[in-house]
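For reference, input_22.cif is printed below; it contains mmCIF, C-alpha atoms; chains and numbers go by the auth columns.
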```
data_model
loop_
_atom_site.group_PDB
_atom_site.id
_atom_site.type_symbol
_atom_site.label_atom_id
_atom_site.label_comp_id
_atom_site.label_asym_id
_atom_site.label_seq_id
_atom_site.Cartn_x
_atom_site.Cartn_y
_atom_site.Cartn_z
_atom_site.B_iso_or_equiv
_atom_site.auth_seq_id
_atom_site.auth_asym_id
ATOM 1 C CA MET A 1 83.434 106.534 118.232 0.00 1 A
ATOM 2 C CA LYS A 2 84.543 110.058 118.965 0.00 2 A
ATOM 3 C CA LYS A 3 87.951 111.128 120.204 0.00 3 A
ATOM 4 C CA GLN A 4 86.496 112.193 123.551 0.00 4 A
ATOM 5 C CA ASP A 5 85.110 108.657 124.040 0.00 5 A
ATOM 6 C CA ILE A 6 88.628 107.193 124.161 0.00 6 A
ATOM 7 C CA ASN A 7 90.270 107.412 127.576 0.00 7 A
ATOM 8 C CA ILE A 8 93.975 107.461 126.733 0.00 8 A
ATOM 9 C CA GLU A 9 94.990 107.494 130.416 0.00 9 A
ATOM 10 C CA THR A 10 93.168 104.223 131.059 0.00 10 A
ATOM 11 C CA LEU A 11 94.715 102.679 127.947 0.00 11 A
ATOM 12 C CA LYS A 12 98.189 103.760 129.049 0.00 12 A
ATOM 13 C CA LYS A 13 97.625 102.268 132.485 0.00 13 A
ATOM 14 C CA LEU A 14 96.253 98.991 131.106 0.00 14 A
ATOM 15 C CA SER A 15 99.079 98.614 128.595 0.00 15 A
ATOM 16 C CA MET A 16 101.651 99.698 131.205 0.00 16 A
ATOM 17 C CA ILE A 17 103.410 102.130 128.896 0.00 17 A
ATOM 18 C CA HIS A 18 104.594 105.663 129.431 0.00 18 A
ATOM 19 C CA LEU A 19 103.711 108.226 126.797 0.00 19 A
ATOM 20 C CA THR A 20 104.581 111.893 126.714 0.00 20 A
ATOM 21 C CA GLU A 21 101.776 114.383 126.210 0.00 21 A
ATOM 22 C CA ASP A 22 102.649 114.659 122.517 0.00 22 A
ATOM 23 C CA GLU A 23 102.756 110.866 122.107 0.00 23 A
ATOM 24 C CA SER A 24 99.425 110.587 123.922 0.00 24 A
ATOM 25 C CA ASN A 25 97.848 113.065 121.521 0.00 25 A
ATOM 26 C CA GLN A 26 99.284 111.275 118.479 0.00 26 A
ATOM 27 C CA THR A 27 98.073 107.913 119.797 0.00 27 A
ATOM 28 C CA LEU A 28 94.648 109.335 120.511 0.00 28 A
ATOM 29 C CA ASP A 29 94.440 110.709 116.956 0.00 29 A
ATOM 30 C CA LYS A 30 95.450 107.345 115.477 0.00 30 A
ATOM 31 C CA LEU A 31 92.992 105.419 117.663 0.00 31 A
ATOM 32 C CA SER A 32 90.240 107.838 116.742 0.00 32 A
ATOM 33 C CA ASP A 33 90.970 107.338 113.035 0.00 33 A
ATOM 34 C CA ILE A 34 90.914 103.556 113.486 0.00 34 A
ATOM 35 C CA MET A 35 87.594 103.700 115.329 0.00 35 A
ATOM 36 C CA GLU A 36 86.098 105.909 112.609 0.00 36 A
ATOM 37 C CA MET A 37 87.210 103.412 109.975 0.00 37 A
ATOM 38 C CA ILE A 38 85.651 100.560 111.971 0.00 38 A
ATOM 39 C CA ASP A 39 82.400 102.535 112.227 0.00 39 A
ATOM 40 C CA GLU A 40 82.401 102.980 108.441 0.00 40 A
ATOM 41 C CA ILE A 41 83.006 99.274 107.890 0.00 41 A
ATOM 42 C CA ILE A 42 80.145 98.388 110.244 0.00 42 A
ATOM 43 C CA GLU A 43 77.766 100.558 108.197 0.00 43 A
ATOM 44 C CA VAL A 44 78.466 98.702 104.941 0.00 44 A
ATOM 45 C CA LYS A 45 75.448 96.668 103.848 0.00 45 A
ATOM 46 C CA VAL A 46 76.552 93.157 102.916 0.00 46 A
ATOM 47 C CA THR A 47 73.228 91.375 102.609 0.00 47 A
ATOM 48 C CA ASN A 48 72.655 89.611 99.281 0.00 48 A
ATOM 49 C CA ILE A 49 76.383 89.587 98.545 0.00 49 A
ATOM 50 C CA LYS A 50 77.928 86.224 97.849 0.00 50 A
ATOM 51 C CA PRO A 51 81.177 85.554 99.710 0.00 51 A
ATOM 52 C CA LEU A 52 84.270 85.138 97.564 0.00 52 A
ATOM 53 C CA SER A 53 86.443 82.081 97.896 0.00 53 A
ATOM 54 C CA ASN A 54 88.737 83.443 95.219 0.00 54 A
ATOM 55 C CA PRO A 55 88.911 86.995 93.853 0.00 55 A
ATOM 56 C CA LEU A 56 89.594 85.567 90.421 0.00 56 A
ATOM 57 C CA ASP A 57 86.856 83.810 88.520 0.00 57 A
ATOM 58 C CA GLN A 58 88.530 80.422 88.824 0.00 58 A
ATOM 59 C CA THR A 59 88.003 77.203 90.681 0.00 59 A
ATOM 60 C CA GLN A 60 90.580 75.439 92.774 0.00 60 A
ATOM 61 C CA PRO A 61 91.608 72.081 91.305 0.00 61 A
ATOM 62 C CA LEU A 62 91.091 69.443 93.978 0.00 62 A
ATOM 63 C CA ARG A 63 92.786 66.114 94.495 0.00 63 A
ATOM 64 C CA LEU A 64 91.493 62.989 96.164 0.00 64 A
ATOM 65 C CA ASP A 65 91.895 62.885 99.925 0.00 65 A
ATOM 66 C CA GLU A 66 94.268 59.943 100.018 0.00 66 A
ATOM 67 C CA ALA A 67 97.321 59.252 102.144 0.00 67 A
ATOM 68 C CA THR A 68 100.397 59.589 99.954 0.00 68 A
ATOM 69 C CA GLU A 69 102.973 58.432 102.497 0.00 69 A
ATOM 70 C CA LYS A 70 103.119 55.265 104.532 0.00 70 A
ATOM 71 C CA ASN A 71 102.638 55.317 108.292 0.00 71 A
ATOM 72 C CA GLN A 72 106.057 55.663 109.932 0.00 72 A
ATOM 73 C CA SER A 73 104.958 56.426 113.508 0.00 73 A
ATOM 74 C CA GLU A 74 106.901 53.468 114.959 0.00 74 A
ATOM 75 C CA LYS A 75 110.081 54.749 113.318 0.00 75 A
ATOM 76 C CA TYR A 76 109.525 58.257 114.692 0.00 76 A
ATOM 77 C CA GLN A 77 108.721 56.984 118.187 0.00 77 A
ATOM 78 C CA THR A 78 111.974 55.062 118.546 0.00 78 A
ATOM 79 C CA ASN A 79 113.680 58.230 119.858 0.00 79 A
ATOM 80 C CA ALA A 80 110.894 59.007 122.354 0.00 80 A
ATOM 81 C CA PRO A 81 111.701 58.314 126.010 0.00 81 A
ATOM 82 C CA LYS A 82 108.412 56.486 126.555 0.00 82 A
ATOM 83 C CA THR A 83 105.481 55.371 124.376 0.00 83 A
ATOM 84 C CA LYS A 84 102.416 53.236 124.967 0.00 84 A
ATOM 85 C CA ASP A 85 99.992 51.845 122.376 0.00 85 A
ATOM 86 C CA GLY A 86 101.358 54.174 119.683 0.00 86 A
ATOM 87 C CA TYR A 87 101.132 57.334 121.818 0.00 87 A
ATOM 88 C CA TYR A 88 103.832 59.432 123.455 0.00 88 A
ATOM 89 C CA VAL A 89 103.796 59.255 127.261 0.00 89 A
ATOM 90 C CA VAL A 90 104.550 62.553 128.969 0.00 90 A
ATOM 91 C CA PRO A 91 104.640 63.584 132.629 0.00 91 A
ATOM 92 C CA GLN A 92 101.309 64.607 134.117 0.00 92 A
ATOM 93 C CA VAL A 93 101.113 68.395 134.421 0.00 93 A
ATOM 94 C CA VAL A 94 97.498 68.872 135.572 0.00 94 A
ATOM 95 C CA GLU A 95 95.948 67.087 138.523 0.00 95 A
#
```

How does this structure look as structure tokens?
Amino acid sequence: MKKQDINIETLKKLSMIHLTEDESNQTLDKLSDIMEMIDEIIEVKVTNIKPLSNPLDQTQPLRLDEATEKNQSEKYQTNAPKTKDGYYVVPQVVE
């Protein structure tokens, strides 16, 4: 995307900010640089590249998916103003 493709006046209006002429030019330069970087990233060919789950050549040690603490929901719900069947009851907010 080229600098002339960015409408800084529209962006200022949408973001509801006031920028001086100098600040507008600086912002336009920065946005243009960002858009150029995005264009470069888009052009990178990533086919046939395996995704990395870890940048190091290691595996993550896994543990069994087991509950390690006992269920204490009744204890926690004793301070709630109102519960029903193990759930918290709250005022209706949507009709």

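Coordinates place CA of Leu28 in chain A at a distance of 6.5 Å from CA of Ile8 in chain A.
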
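The two atoms in question, CA of Ser32 in chain A and CA of Ile6 in chain A, are spaced 7.6 Å apart.
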
Spell out the residues picked by the PyMOL selection byres ((chain A and resi 21-25) around 12) here, as a list of chain:residue names. A:Lys3, A:Gln4, A:Ile6, A:Asn7, A:Ile8, A:Glu9, A:Thr10, A:Leu11, A:Lys12, A:Ile17, A:His18, A:Leu19, A:Thr20, A:Gln26, A:Thr27, A:Leu28, A:Asp29, A:Lys30, A:Leu31, A:Ser32

Dump C-alpha atoms for the selected residues as a CSV table (one decimal), in the frame of the given file?
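Everything below was put into part00.csv:
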```csv
chain,number,residue,atom,x,y,z
A,3,LYS,CA,88.0,111.1,120.2
A,4,GLN,CA,86.5,112.2,123.6
A,6,ILE,CA,88.6,107.2,124.2
A,7,ASN,CA,90.3,107.4,127.6
A,8,ILE,CA,94.0,107.5,126.7
A,9,GLU,CA,95.0,107.5,130.4
A,10,THR,CA,93.2,104.2,131.1
A,11,LEU,CA,94.7,102.7,127.9
A,12,LYS,CA,98.2,103.8,129.0
A,17,ILE,CA,103.4,102.1,128.9
A,18,HIS,CA,104.6,105.7,129.4
A,19,LEU,CA,103.7,108.2,126.8
A,20,THR,CA,104.6,111.9,126.7
A,26,GLN,CA,99.3,111.3,118.5
A,27,THR,CA,98.1,107.9,119.8
A,28,LEU,CA,94.6,109.3,120.5
A,29,ASP,CA,94.4,110.7,117.0
A,30,LYS,CA,95.4,107.3,115.5
A,31,LEU,CA,93.0,105.4,117.7
A,32,SER,CA,90.2,107.8,116.7
```

Residue contacts of Ser73 in chain A (10 Å, only C-alpha atoms) excluding same-chain residues fewer than 5 positions away, as a ChimeraX atom specification: /A:78,86-87

CA of Leu62 in chain A to CA of Asn48 in chain A measures 27.8 Å
